[in-house]
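This report refers to the structure that appears directly beneath it.
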Amino acid sequence: MQDGPYVLEARGVIKIFGNHVALDSVDFGLKAGEVHALLGENGAGKSTLIKILTGVYQPDGGGVFVDGTAVSLDNPLHAQTHGIGTVYQEVNLLPNRSVAENLYLGHQPTRFGLVDRRKMESAAKVLLKRYGLNIDPGSELGTHSVAVQQIVAIARAVELSGKVLILDEPTASLDRNEVARLFEVIGDLKRSGLAIIFITHFLDQVFAISDRVTVLRNGRLVETRELNSVTRTDVVRLMLGKDIAFSGATDLEPDGPTTDVLLDFRGYGRSKSVQPFDLTIHKGEVIGIAGLLGSGRTEMARIMFGADPADQGSMSLSGKPTAVRSTSEAISHGFGFCPEDRKAEGILGDLSVRENIVIALQGKLGWFRALNRDEQLEIAGKFGEAMDIRAASLDMPVKLLSGGNQQKVILSRWLATDPSFLILDEPTRGIDVGAHAEIVRTINRLRDDGMAMVVISSELDEVVAYSSRIVVMRDREMVAELRGKNINPGIIVQAIANHPDEVQA
Amino acid sequence: MKRFNLQALANPQLLALAGVLLINWILFPNFFRISWQDGRLFGSIIDVLNRGAPVAILAVGMTMVIATKGVDLSVGAIMAVCGAVAATMVVAGYPTPVAVIAALGVGIACGLWNGFLVAVLDIQPIIATLVLMVAGRGIAQLITEGSIVTFNDPALIFIGTGSFLGFPMAAVIALVLMVLVTLLVRRTAIGLFVQAIGVNRAAASLAGIRSRMLLMLVYALSGLCAAIAGIVVAADIRGADANNSGLWLELDAILAVVIGGTSLLGGRFSIPLALVGAIIIQAMNTGILVSGFRPEFNLIVKAGMIILILLIQSPFATQLFVRRKLVVTREAGK
Amino acid sequence: MKLITKLAIAASLATALTSVSLAQDNLKGLTIGFSQIGSESGWRAAETSVTKQQAEQRGIDLKFADAQQKQENQIKAIRGFIAQGVSAILVAPVVATGWDDVLTEAKEANIPVILLDRGVDASEDLYLTSVASDQVKEGRVAGEWLVGAVGDATCKIVELQGTVGSTPAINRKKGFEEAIAGHANLTIARSQTGDFTRAKGKEVMEGFIKAENGGADICAVYAHNDDMAVGAIQAIKDAGLKPGTDIKVVSIDAVPDIFAAMVAGEANATVELTPNMAGPAFDALSKYLADGTLPEKFIITESKLYTPADNPQGEYDTRKGLGY
């Protein structure tokens, strides 16, 4: 680690939750007058690091330094006194109070112990002018656009802290013009010597305003680089952790359809979610979906499954036009879906392993054809064995199982419904090596049995290994459909990064 | 199955009930005396069953609602509305079955309204049912025009004060309702689906469970139970008392469900144990009545007992008193 | 004692009659506002309809406002009356406090205010008079009747109290105890709250019967209102006893259903809480408007005793139409 005049620095920071290491000896240095992009996929440790830098969490090892001096940040307010301010994706100001009140809330100028409204509003006017905002400070904040609110939030954070500004996905809900305006403000702040940490999923934006970039992966620091020394492809590669040497295409399946078409999506999409896409899926085929977080890959899966029904385009199932307006409809057509967020959307934590496995089949059977306990045990036992679920008892709550076993339970849940089409969203994230291998084995086995699958994964090696085609998503749009020789981590990374001409040997 | 029975005897609800009955017996030695009078059983313990019936009936529906991670605050007010409907209709000369069916229909409609707010408009159950809790009593007062509508219809009165094999009709209705609903949810997949929704509605929906329809059904059931309780209470006093019928009974019903071991966080539920909870509450009420305490102490005594019962059921107490059983480790599928 | 009561009743009846006969015409055509609490009980509904009747008899244009149990609605209604320039305002206040401002406004507008049924915590010069019953007296009249009815026999009484801590429950208990004090043969064996409701009255009476040797030891039940008494009567019948005979039933309010019970021989006595608070109020107003005669600050309505000798069927029929 180079010694630099860091305004804010994390040295060897370790954070452990339970037996999960969220941050493993991470170093991070922030200089005055720079915009420093912090990148990484979900679970890479970005938010944990930010929370340590702003005093929400205390590190379990290593330390935080402000201007080279070790500090212990007890809470965000304390971090503020060290000059560190944060602006979150969702503006957390008070929409029904005036702009000026929001700027000075808790720090209002007072006269005789009362809030001096006139002084506050004139100060606000001057302050907002610096941010290029010519709005009435007495107006209600909620009447302004999200972008203006975002700038007000930044102004407030800078006003209260003044040294370091952390922007956590500030552009997520802004349109193009608003983003440009925000970037002007960020540029001005940078020139005035503020140190800025910028978190986003949009690579274009990283390259538009950042000076340096730090990439985290699985709780570890991958690298910190000057941005003018890297390409987009490099950044994607750092994030996904692929050493891209052209190893040649996997060429798993011969080109051209060899089996019957199962599903055919035409102009299928959902407004404000995913641009219309065309996709044909054959029986016995695995379609890998690649793309960064926020690229629209999960949304695509939810549209296919009817969790967020499509509002444009058409779909046909085995040649027959079919509509999927709800999950129960999808299941009746033989679809299944393992969601990305196992805990929030997958498992029924307090229910038993047995009930978790039979729930989708029972949902398909309806209210009155109930499986009795023995039938449930038989089904759960059969799929539990096939998937090698390690549980002390089929009647224990599923929440007590490990992540890998929970994932196997959810997979079993769908296999029990005898599906013809299975959508797996990050099926191997955050699970142990053994379970990981079991799930990959299962995907291969099911494909060989003739099941059609869509698998979303950030693990490019894995996707490449079992996919017959790869769909690349970027900015909520399907941007490429790779097949044959093109099923190759290097090409996928380039497609994600949108720089096909930057191929490096 | 055999293990289940042994556990059932040692469960905290039945222990609590035994405790409350024991205290009643100490305070009032004749508590368990039962005599036969005018073709019916007569005694304090019968009073407990009879007076506990309305809360027990409410608890049947409330258990299902709470299992979905909801709550139904409107049942007391629905009781008042349905009692008023039944009473005014028999007074107006409609045949008893018509009046009863109309009242039950109104109860179901009220429940569907709650279900609509919760399942379709996604309003939090406590707020959604608060609407009818407040408005319902006003509607009931409109129906009765503020007075107690007294009736003399023998068939309707029988529902509240009659007896079957010597047991009070209200208690028989509660028992039959419990058996029917328990069979309905356990012999079909409804019970499993309700638990799934209560544990994790998002996951249950992704697993293909039509949670909206099920929630509507569950709230409708709660409305139906409230209607039955409302008819029973009105029939008992031969009059529909819009101002007082079911007043605060929703809280007793929730308490009965909680004493019965169903978590307010949804998921696992037991209708029979909720009924035991209702009986425990009523045993306390009746015990206070026959004990001769000053009425100023009623609520304090009741609160103290409830705290004690909930403490006995807490995980902490379980760890203290119940030795953990070794679960036979079994590899899945073997 | 009994004689004195009778005399008092006769006297008050006489005054009532004279006041009706003297009903001056000076209220005719006047507009008077009436802010009612709501319709939370049968008695309240009866009070509303009697007030309307009384106004009609006197040719008063009564503006009626139902506050639905909310003080802010009452204050709004009174401000509305003031704005309309009514000649007088009747208020049945929902709570005792918080009236100073609006009553001052009425006083400044020179509109006399008369309180019905309940009092307020405000300066006495802010209202013309307050018409209410004497709840202690109601209890006393009930107790005196029982003392007379029992004679020298020993009598174990069970008491069904109103809602714990409520003013009528405290006062009606106090009056009853005053009346039976000094009669050692009368004792209150058990006393529990029946919350003024029929259902709780029945439940509590069931408990009392079990606790007192199947009811055999109970000589009389005193209920703080008729509704609880009606519930108790059902409990007594369910226990195989005859209410009115095996166990005497005395209560307060004089609602129609207790007269129905008297007709059936199941209730023995009730003390009237008259819903006619407006009559005395209009009389006082009439005198005040005629020659400025200030009425007494607290007009107490009579607490009339009714027994099966007082034509219960007739009382039932006349009261049934009042909205009880």
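By order in the structure tokens, chains are A, B, ...; within a chain, residues start at 1; ligands start at 1, following the order shown.
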
Select all residues from chain C having any atom no more than 9 Å from an atom of chain B (counting only C-alpha atoms, ignoring ligands), output as an mmCIF file with C-alpha atoms, in the first residue's frame.
```
data_model
loop_
_atom_site.group_PDB
_atom_site.id
_atom_site.type_symbol
_atom_site.label_atom_id
_atom_site.label_comp_id
_atom_site.auth_asym_id
_atom_site.auth_seq_id
_atom_site.Cartn_x
_atom_site.Cartn_y
_atom_site.Cartn_z
ATOM 1 C CA SER C 39 -76.871 7.976 20.552
ATOM 2 C CA GLU C 40 -74.652 5.683 22.587
ATOM 3 C CA SER C 41 -77.534 4.259 24.639
ATOM 4 C CA GLY C 42 -81.263 3.776 24.521
ATOM 5 C CA TRP C 43 -81.685 6.367 27.242
ATOM 6 C CA ARG C 44 -79.749 8.903 25.180
ATOM 7 C CA ALA C 45 -81.978 8.237 22.186
ATOM 8 C CA ALA C 46 -85.025 8.716 24.402
ATOM 9 C CA GLN C 161 -72.294 -2.202 39.738
ATOM 10 C CA VAL C 164 -65.835 0.641 37.741
ATOM 11 C CA GLY C 165 -64.930 4.215 38.577
ATOM 12 C CA ALA C 189 -73.117 -9.971 50.204
ATOM 13 C CA ARG C 190 -71.495 -9.585 46.827
ATOM 14 C CA SER C 191 -70.788 -6.681 44.560
ATOM 15 C CA GLN C 192 -69.262 -6.875 41.087
ATOM 16 C CA THR C 193 -69.246 -4.766 37.980
ATOM 17 C CA THR C 197 -74.519 -4.043 29.978
ATOM 18 C CA ARG C 198 -77.108 -6.751 29.714
ATOM 19 C CA ALA C 199 -74.596 -9.453 28.781
ATOM 20 C CA LYS C 202 -76.258 -11.874 33.110
ATOM 21 C CA GLU C 203 -72.749 -13.320 33.386
ATOM 22 C CA VAL C 204 -72.061 -11.743 36.773
ATOM 23 C CA MET C 205 -75.429 -12.842 38.138
ATOM 24 C CA GLU C 206 -74.700 -16.404 37.018
ATOM 25 C CA GLY C 207 -71.497 -16.266 39.028
ATOM 26 C CA PHE C 208 -73.275 -14.849 42.070
ATOM 27 C CA ILE C 209 -75.888 -17.584 41.945
ATOM 28 C CA LYS C 210 -73.205 -20.284 41.886
ATOM 29 C CA ALA C 211 -71.323 -18.583 44.683
ATOM 30 C CA GLU C 212 -74.393 -18.186 46.876
ATOM 31 C CA GLY C 214 -77.319 -21.905 43.786
ATOM 32 C CA VAL C 230 -82.733 -7.612 32.591
ATOM 33 C CA GLY C 231 -79.600 -9.751 32.164
ATOM 34 C CA GLN C 234 -82.448 -14.201 32.644
ATOM 35 C CA ASP C 238 -81.767 -20.150 33.913
ATOM 36 C CA ALA C 239 -80.911 -21.220 37.455
ATOM 37 C CA GLY C 240 -84.458 -22.443 37.940
ATOM 38 C CA ASP C 257 -87.793 -3.535 28.960
ATOM 39 C CA GLY C 323 -86.418 5.381 21.082
ATOM 40 C CA TYR C 324 -85.155 3.485 24.133
#
```

For chain B, report every residue with an atom at most 12 Å from chain A (counting only C-alpha atoms), formatted as an MDAnalysis selection string. chainID B and resid 1 67 183:214 217 263 265:269 326:334

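CA of Ser123 in chain C to CA of Thr97 in chain C spans 11.0 Å [interatomic distance, one decimal].
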
Give me every helix (DSSP H, G or I) residue in range 138-321 of chain B, going by DSSP on the backbone, as a short mmCIF file (atom, residue, chain, number, x, y, z; two decimals) with C-alpha atoms, in the first residue's frame.
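Dumped everything to out_3.cif:
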```cif
data_model
loop_
_atom_site.label_atom_id
_atom_site.label_comp_id
_atom_site.auth_asym_id
_atom_site.auth_seq_id
_atom_site.Cartn_x
_atom_site.Cartn_y
_atom_site.Cartn_z
CA GLY B 138 -71.68 3.00 14.16
CA ILE B 139 -73.35 0.85 11.52
CA ALA B 140 -74.74 -1.40 14.24
CA GLN B 141 -76.13 1.64 16.06
CA LEU B 142 -77.74 2.80 12.85
CA ILE B 143 -79.43 -0.59 12.47
CA THR B 144 -80.71 -0.66 16.06
CA PRO B 154 -87.60 -19.01 20.44
CA ALA B 155 -85.43 -20.48 17.67
CA LEU B 156 -83.03 -17.56 17.75
CA ILE B 157 -82.94 -17.55 21.55
CA PHE B 158 -82.13 -21.26 21.47
CA ILE B 159 -78.86 -20.51 19.66
CA GLY B 160 -77.68 -18.50 22.65
CA THR B 161 -79.31 -20.17 25.62
CA MET B 169 -75.50 -24.42 22.91
CA ALA B 170 -72.87 -21.67 22.60
CA ALA B 171 -70.13 -24.02 23.76
CA VAL B 172 -71.37 -26.74 21.41
CA ILE B 173 -71.32 -24.27 18.50
CA ALA B 174 -67.75 -23.24 19.38
CA LEU B 175 -66.64 -26.85 19.54
CA VAL B 176 -68.30 -27.83 16.27
CA LEU B 177 -66.89 -24.77 14.55
CA MET B 178 -63.42 -25.57 15.82
CA VAL B 179 -63.63 -29.16 14.60
CA LEU B 180 -64.98 -28.13 11.19
CA VAL B 181 -62.42 -25.39 10.60
CA THR B 182 -59.57 -27.52 11.89
CA LEU B 183 -60.60 -30.31 9.53
CA LEU B 184 -60.97 -27.81 6.68
CA VAL B 185 -57.48 -26.40 7.08
CA ARG B 186 -55.70 -29.61 8.02
CA ARG B 187 -57.32 -32.00 5.60
CA ILE B 190 -55.17 -24.41 3.17
CA GLY B 191 -53.38 -24.74 6.49
CA LEU B 192 -50.02 -25.20 4.83
CA PHE B 193 -50.63 -22.27 2.47
CA VAL B 194 -51.73 -20.02 5.31
CA GLN B 195 -48.56 -20.83 7.20
CA ALA B 196 -46.48 -20.23 4.09
CA ILE B 197 -48.04 -16.80 3.57
CA GLY B 198 -47.56 -15.94 7.23
CA VAL B 199 -43.91 -16.96 7.21
CA ARG B 201 -45.60 -13.93 1.63
CA ALA B 202 -43.12 -13.06 -1.14
CA ALA B 203 -41.67 -16.56 -1.18
CA ALA B 204 -45.11 -18.14 -0.99
CA SER B 205 -46.28 -16.11 -3.99
CA LEU B 206 -43.20 -17.12 -5.97
CA SER B 211 -51.99 -15.38 -1.59
CA ARG B 212 -54.64 -12.77 -2.39
CA MET B 213 -57.43 -15.27 -2.68
CA LEU B 214 -56.30 -17.09 0.43
CA LEU B 215 -56.09 -13.88 2.46
CA MET B 216 -59.59 -12.91 1.35
CA LEU B 217 -60.81 -16.35 2.42
CA VAL B 218 -59.12 -16.11 5.81
CA TYR B 219 -60.57 -12.69 6.58
CA ALA B 220 -63.98 -13.86 5.36
CA LEU B 221 -63.73 -16.79 7.77
CA SER B 222 -62.91 -14.38 10.58
CA GLY B 223 -65.95 -12.30 9.62
CA LEU B 224 -68.12 -15.42 9.60
CA CYS B 225 -66.87 -16.42 13.06
CA ALA B 226 -67.59 -12.90 14.31
CA ALA B 227 -71.11 -13.15 12.87
CA ILE B 228 -71.71 -16.45 14.68
CA ALA B 229 -70.37 -14.98 17.92
CA GLY B 230 -72.56 -11.90 17.42
CA ILE B 231 -75.68 -14.02 16.96
CA VAL B 232 -74.82 -16.14 20.01
CA VAL B 233 -74.28 -13.08 22.19
CA ALA B 234 -77.48 -11.39 21.01
CA ALA B 235 -79.46 -14.60 21.46
CA ASP B 236 -78.07 -14.99 24.96
CA ILE B 237 -79.50 -11.70 26.19
CA LEU B 249 -63.71 -8.84 22.54
CA GLU B 250 -61.25 -8.60 19.63
CA LEU B 251 -58.52 -8.09 22.21
CA ASP B 252 -59.62 -11.13 24.20
CA ALA B 253 -59.67 -13.15 20.98
CA ILE B 254 -56.14 -12.04 20.08
CA LEU B 255 -55.02 -12.86 23.60
CA ALA B 256 -56.62 -16.30 23.37
CA VAL B 257 -54.74 -16.97 20.14
CA VAL B 258 -51.46 -15.81 21.65
CA ILE B 259 -51.98 -17.86 24.80
CA ILE B 271 -56.93 -23.63 16.55
CA PRO B 272 -57.63 -26.10 19.41
CA LEU B 273 -55.01 -24.45 21.61
CA ALA B 274 -56.50 -21.03 20.86
CA LEU B 275 -59.77 -22.38 22.22
CA VAL B 276 -57.93 -23.54 25.31
CA GLY B 277 -56.67 -19.96 25.52
CA ALA B 278 -60.23 -18.65 25.37
CA ILE B 279 -61.26 -21.07 28.13
CA ILE B 280 -58.30 -19.95 30.26
CA ILE B 281 -59.36 -16.31 29.92
CA GLN B 282 -62.96 -17.11 30.81
CA ALA B 283 -61.92 -19.35 33.70
CA MET B 284 -60.11 -16.32 35.11
CA ASN B 285 -63.15 -14.08 34.59
CA THR B 286 -65.51 -16.57 36.22
CA GLY B 287 -63.01 -17.21 38.97
CA ILE B 288 -62.89 -13.51 39.77
CA LEU B 289 -66.70 -13.38 39.85
CA VAL B 290 -67.14 -16.24 42.30
CA SER B 291 -64.10 -15.35 44.40
CA PRO B 295 -64.37 -5.26 41.14
CA GLU B 296 -61.60 -2.67 41.32
CA PHE B 297 -59.13 -5.58 41.33
CA ASN B 298 -60.59 -7.42 38.31
CA LEU B 299 -58.25 -6.02 35.71
CA ILE B 300 -55.17 -6.15 37.90
CA VAL B 301 -55.76 -9.78 38.79
CA LYS B 302 -56.42 -10.63 35.15
CA ALA B 303 -53.33 -8.78 33.93
CA GLY B 304 -51.16 -10.47 36.54
CA MET B 305 -52.41 -13.92 35.59
CA ILE B 306 -51.88 -13.28 31.90
CA ILE B 307 -48.33 -12.09 32.45
CA LEU B 308 -47.70 -15.24 34.44
CA ILE B 309 -49.15 -17.49 31.72
CA LEU B 310 -47.17 -15.78 28.97
CA LEU B 311 -44.02 -16.05 31.08
CA ILE B 312 -44.59 -19.77 31.48
CA GLN B 313 -44.80 -20.03 27.70
CA PRO B 315 -38.73 -19.61 25.39
CA PHE B 316 -36.77 -18.68 28.48
CA ALA B 317 -39.09 -20.63 30.73
CA THR B 318 -39.13 -23.51 28.29
CA GLN B 319 -35.37 -23.73 28.53
CA LEU B 320 -35.57 -23.62 32.29
CA PHE B 321 -38.25 -26.20 32.82
#
```

Give me, as an mmCIF file with N, CA and C atoms, in the first residue's frame, all polymer residues having an atom no more than 10 Å from Val100 in chain B, counting only C-alpha atoms and skipping those fewer than 4 positions away in the same chain.
```cif
data_model
loop_
_atom_site.group_PDB
_atom_site.id
_atom_site.type_symbol
_atom_site.label_atom_id
_atom_site.label_comp_id
_atom_site.auth_asym_id
_atom_site.auth_seq_id
_atom_site.Cartn_x
_atom_site.Cartn_y
_atom_site.Cartn_z
ATOM 1 N N CYS B 82 -73.752 -7.915 13.161
ATOM 2 C CA CYS B 82 -74.488 -9.124 12.803
ATOM 3 C C CYS B 82 -75.584 -9.439 13.815
ATOM 4 N N GLY B 83 -75.286 -9.188 15.093
ATOM 5 C CA GLY B 83 -76.328 -9.360 16.104
ATOM 6 C C GLY B 83 -77.499 -8.435 15.805
ATOM 7 N N VAL B 85 -78.348 -7.188 12.893
ATOM 8 C CA VAL B 85 -79.059 -7.622 11.686
ATOM 9 C C VAL B 85 -80.037 -8.745 12.041
ATOM 10 N N ALA B 86 -79.538 -9.763 12.760
ATOM 11 C CA ALA B 86 -80.390 -10.904 13.097
ATOM 12 C C ALA B 86 -81.584 -10.440 13.923
ATOM 13 N N ALA B 87 -81.320 -9.591 14.937
ATOM 14 C CA ALA B 87 -82.390 -9.166 15.842
ATOM 15 C C ALA B 87 -83.435 -8.332 15.117
ATOM 16 N N MET B 89 -84.135 -8.258 12.041
ATOM 17 C CA MET B 89 -84.891 -9.018 11.040
ATOM 18 C C MET B 89 -85.953 -9.901 11.678
ATOM 19 N N VAL B 90 -85.647 -10.570 12.804
ATOM 20 C CA VAL B 90 -86.708 -11.393 13.414
ATOM 21 C C VAL B 90 -87.795 -10.501 13.987
ATOM 22 N N TYR B 94 -89.190 -11.575 9.762
ATOM 23 C CA TYR B 94 -88.592 -12.564 8.861
ATOM 24 C C TYR B 94 -88.427 -13.883 9.609
ATOM 25 N N PRO B 95 -88.480 -15.016 8.881
ATOM 26 C CA PRO B 95 -88.253 -16.307 9.546
ATOM 27 C C PRO B 95 -86.830 -16.366 10.113
ATOM 28 N N THR B 96 -86.679 -17.106 11.211
ATOM 29 C CA THR B 96 -85.377 -17.169 11.876
ATOM 30 C C THR B 96 -84.245 -17.596 10.945
ATOM 31 N N LEU B 104 -75.124 -13.999 8.937
ATOM 32 C CA LEU B 104 -73.864 -14.653 8.585
ATOM 33 C C LEU B 104 -73.303 -14.060 7.295
ATOM 34 N N GLY B 105 -74.210 -13.780 6.351
ATOM 35 C CA GLY B 105 -73.777 -13.184 5.086
ATOM 36 C C GLY B 105 -73.143 -11.822 5.298
ATOM 37 N N VAL B 106 -73.752 -11.032 6.180
ATOM 38 C CA VAL B 106 -73.184 -9.711 6.472
ATOM 39 C C VAL B 106 -71.788 -9.867 7.089
ATOM 40 N N LEU B 156 -84.232 -18.381 17.647
ATOM 41 C CA LEU B 156 -83.030 -17.556 17.746
ATOM 42 C C LEU B 156 -82.476 -17.583 19.168
ATOM 43 N N ALA B 227 -69.661 -13.163 13.035
ATOM 44 C CA ALA B 227 -71.114 -13.154 12.872
ATOM 45 C C ALA B 227 -71.758 -14.194 13.789
ATOM 46 N N ILE B 228 -71.159 -15.398 13.817
ATOM 47 C CA ILE B 228 -71.708 -16.455 14.679
ATOM 48 C C ILE B 228 -71.660 -15.996 16.136
ATOM 49 N N ILE B 231 -74.342 -13.446 16.823
ATOM 50 C CA ILE B 231 -75.685 -14.023 16.956
ATOM 51 C C ILE B 231 -75.822 -14.700 18.313
#
```

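Using only C-alpha atoms, the smallest distance between any of C:Thr51, C:Thr167, C:Thr318, C:Gln313 and Val263 in chain C comes from C:Gln313.
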
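Straight-line separation from CA of Leu460 in chain A to CA of Gly284 in chain A: 20.4 Å.
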
Apply DSSP to the structure's backbone, then extract all residues of range 148-319 of chain B labelled strand (DSSP E) and return them as a ChimeraX atom specification. /B:149-150,163-164,167-168,239-240

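Picture a line from CA of Ile151 in chain A to CA of Gly296 in chain A; it runs 26.8 Å.
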
Test item: residues at most 10 Å from range 68-81 of chain C, only C-alpha atoms, excluding those fewer than 5 positions along its chain, as JSON, numbers by chain: {"B": [138], "C": [31, 32, 33, 34, 35, 36, 37, 38, 39, 40, 63, 86, 87, 88, 89, 90, 91, 92, 93, 94, 95, 96, 97, 98, 99, 101, 102, 103, 105, 106, 111, 113]}
